[in-house]
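A short worksheet on the structure shown next.
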Amino acid sequence: MISNNENSLTRKAYAKINLALDVIRRREDGYHEVRMIMQTVDLYDVLTFIKTSSPGITVVTDKEGLPGDESNLIYKAVRLIMENYPVHQGVRIELEKRIPMAAGMAGGSTDAAAVFHGLNELFGLGMSENEMCALGVKIGADVPYCIQGGTALSEGIGEVLTKLEDAPPCYVLIAKPDIDVSTKYVYENLRVDKLDRHPDIDGMRAAIGEGDLHKMTGYMENVLETVTAAAYPVIGEIKDFMKDRGALNALMSGSGPTVFGIFEREEEARKAYAELKEAFLADQIFVSEWVSGKKAYEDRNRA
Ligand code: ATP
């Protein structure tokens with residue numbers, strides 16, 4: 001895609017949304033066992049990987065408040081790869097941040113996933129996707145899914161992935177209100193034992209298999225709304241706003257606060273986008289489409 005030579009390459013790192021998100025239980029080790037239907041959307045960060053003659057890791061970001069130091073998931077992914085694979089040179093990674101942060105769109109995880117693909121290619125490491133996922137889960141539960149992309153069922157703590165049929169095509173209005181939500185806070189405040197309903201993940205999976213958009217959207221549900229949407233009423237307001245303007249359904253993604261609405265027709269999504277801008281309920285708004293597993297794969301492998 002963007003550029004590629006033997007000393008550098010540039011790649012997209014796509015965001016995800018959760019079409020459905022269920023939490024089954026809290027494990028003794030503190031991790032939560034989940035069942036989620038994941039979907040890649042056409043909203044992405046751009047990472048440039050450059051070999052350097054001096055050893056070491058340099059990460060440079062264009063985003064104020066996101067340092068390239070050891071706390072950055074890009075840095076963590078490079079270090080983990082270097083500890084496990086023979087990389088004999090240094091690397092500089094430049095990040096162009098476009099995905100809303102602390103938003104429930106796996107912005108950090110997808111950057112880490114892009115590092116696995118990027119270094120694998122740049123240094124010819126020969127890592128299989130399974131090997132990348134096994135290392136990637138040490139960085140974050142969503143990293144294996146981001147390594148794979150497309151439509152998928154994610155189980156366990158996020159490391160058990162099943163590829164699904166591509167979700168039926170549609171237009172997705174994505175809106176992030178001006179609040180930052182910590183994933184850790186949301187999971188810590190989730191009362192799994194008190195949930196009075198759970199999404200029908202298998203129902204959604206079947207609807208996707210049938211390519212039935214209406215049926216699929218009928219199954220959209222996210223148990224983390226019980227924490228985040230309860231704390232921030234703007235989430236419910238944005239959902240209602242989208243549904244009032246023709247969205248088949250609208251839902252919070254991940255731990256929030258980003259909300260997405262599914263539209264059958266592009267004009268409707270664009271009209272709702274314009275009206276939402278005027279309403280000042282969200283500060284970052286996008287009209288997007290799905291990215292299939294095949295497209296995500298091709299993007300990674302195209303020079
Ligand atoms: P998820 O959906 O996986 O819970 P999120 O979208 O809620 O993720 P992120 O944007 O991935 O949240 O980031 C959460 C925090 O992680 C940020 O506030 C930031 O401090 C830290 N972080 C570290 N590296 C990155 C990165 N490369 N991009 C974004 N955030 C990062």
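For the structure tokens, the naming scheme is as follows: chains receive sequential letters (A, B, ...) according to their order of presentation, residues are indexed from 1 within each chain, and ligands are indexed from 1 in presentation order.
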Can you pull out the residues contacting range 163-173 of chain A? Cut-off 7 Å, using only C-alpha atoms, and skip same-chain residues under 3 positions away; I want them as an MDAnalysis selection string.
chainID A and resid 150:153 208:209 211:213 260:266 269 273 286:290 292
Within 9 Å of ligand 1, which residues of chain A show up? Give each one with its shortest atom-to-atom distance in Å (one decimal) and the two atoms involved, counting only C-alpha atoms and all ligand atoms, rows by chain then rising residue number, as a Markdown table.
```
| residue | atom | partner | partner_atom_place_in_ligand_line | distance |
| --- | --- | --- | --- | --- |
| A:Ala15 | CA | ligand 1 | 6 (O) | 8.3 |
| A:Lys16 | CA | ligand 1 | 2 (O) | 7.7 |
| A:Ile17 | CA | ligand 1 | 2 (O) | 8.0 |
| A:Asn18 | CA | ligand 1 | 2 (O) | 8.9 |
| A:Asp45 | CA | ligand 1 | 28 (N) | 8.8 |
| A:Thr61 | CA | ligand 1 | 27 (N) | 8.3 |
| A:Gly65 | CA | ligand 1 | 20 (O) | 7.7 |
| A:Leu66 | CA | ligand 1 | 19 (C) | 6.3 |
| A:Pro67 | CA | ligand 1 | 24 (N) | 7.9 |
| A:Gly68 | CA | ligand 1 | 24 (N) | 7.8 |
| A:Asp69 | CA | ligand 1 | 24 (N) | 8.9 |
| A:Glu70 | CA | ligand 1 | 23 (C) | 8.8 |
| A:Ser71 | CA | ligand 1 | 23 (C) | 5.7 |
| A:Asn72 | CA | ligand 1 | 24 (N) | 3.5 |
| A:Leu73 | CA | ligand 1 | 24 (N) | 4.0 |
| A:Ile74 | CA | ligand 1 | 27 (N) | 5.4 |
| A:Tyr75 | CA | ligand 1 | 24 (N) | 7.9 |
| A:Lys76 | CA | ligand 1 | 24 (N) | 8.5 |
| A:Leu95 | CA | ligand 1 | 27 (N) | 7.8 |
| A:Lys97 | CA | ligand 1 | 28 (N) | 7.3 |
| A:Ile99 | CA | ligand 1 | 10 (O) | 7.3 |
| A:Pro100 | CA | ligand 1 | 10 (O) | 6.3 |
| A:Met101 | CA | ligand 1 | 10 (O) | 3.4 |
| A:Ala102 | CA | ligand 1 | 12 (O) | 3.5 |
| A:Ala103 | CA | ligand 1 | 6 (O) | 4.1 |
| A:Gly104 | CA | ligand 1 | 2 (O) | 3.3 |
| A:Met105 | CA | ligand 1 | 6 (O) | 3.9 |
| A:Ala106 | CA | ligand 1 | 2 (O) | 3.4 |
| A:Gly107 | CA | ligand 1 | 11 (O) | 3.9 |
| A:Gly108 | CA | ligand 1 | 11 (O) | 3.4 |
| A:Ser109 | CA | ligand 1 | 11 (O) | 5.6 |
| A:Thr110 | CA | ligand 1 | 11 (O) | 7.7 |
| A:Asp111 | CA | ligand 1 | 27 (N) | 5.4 |
| A:Ala112 | CA | ligand 1 | 27 (N) | 6.9 |
| A:Gly140 | CA | ligand 1 | 3 (O) | 7.5 |
| A:Ala141 | CA | ligand 1 | 3 (O) | 7.6 |
| A:Asp142 | CA | ligand 1 | 3 (O) | 5.8 |
| A:Val143 | CA | ligand 1 | 3 (O) | 8.0 |
| A:Asp180 | CA | ligand 1 | 18 (O) | 7.7 |
| A:Val181 | CA | ligand 1 | 7 (O) | 6.7 |
| A:Ser182 | CA | ligand 1 | 7 (O) | 6.4 |
| A:Thr183 | CA | ligand 1 | 4 (O) | 5.0 |
| A:Lys184 | CA | ligand 1 | 4 (O) | 8.2 |
| A:Ser253 | CA | ligand 1 | 2 (O) | 7.6 |
| A:Gly254 | CA | ligand 1 | 2 (O) | 5.4 |
| A:Ser255 | CA | ligand 1 | 4 (O) | 6.0 |
| A:Gly256 | CA | ligand 1 | 7 (O) | 6.7 |
| A:Pro257 | CA | ligand 1 | 7 (O) | 8.2 |
| A:Thr258 | CA | ligand 1 | 6 (O) | 8.7 |
```
What separates CA of Met252 in chain A and CA of Asn222 in chain A is a distance of 6.9 Å
- Any idea what's packed within 12 Å of Gly124 in chain A, counting only C-alpha atoms, ignoring anything in its chain fewer than 4 positions away? Could you give it as an NGL selection string? :A and (6-7 or 85-88 or 116-120 or 128)
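Interatomic distance, CA of Thr217 in chain A against CA of Met36 in chain A: 14.2 Å.
When only C-alpha atoms are used to compute distances to Leu47 in chain A, the closest of the residues A:Glu64, A:Arg197, A:Arg300, A:Ala206 turns out to be A:Arg300.
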Would you please give, as a ChimeraX atom specification, all residues of range 111-187 of chain A that DSSP assigns to alpha helix (DSSP H) based on the backbone?
/A:111-122,129-136,143-148,183-187
(Q) Using DSSP secondary structure from the backbone, list all strand (DSSP E) positions within range 37-286 of chain A, as a ChimeraX atom specification. (A) /A:37-52,57-61,90-96,151-156,160-163,171-176,221-222,249-252,259-263,284-286
- Item | Computed interatomic separation between CA of Leu125 in chain A and CA of Glu159 in chain A (Å) |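 These two atoms are separated by 21.9 Å.
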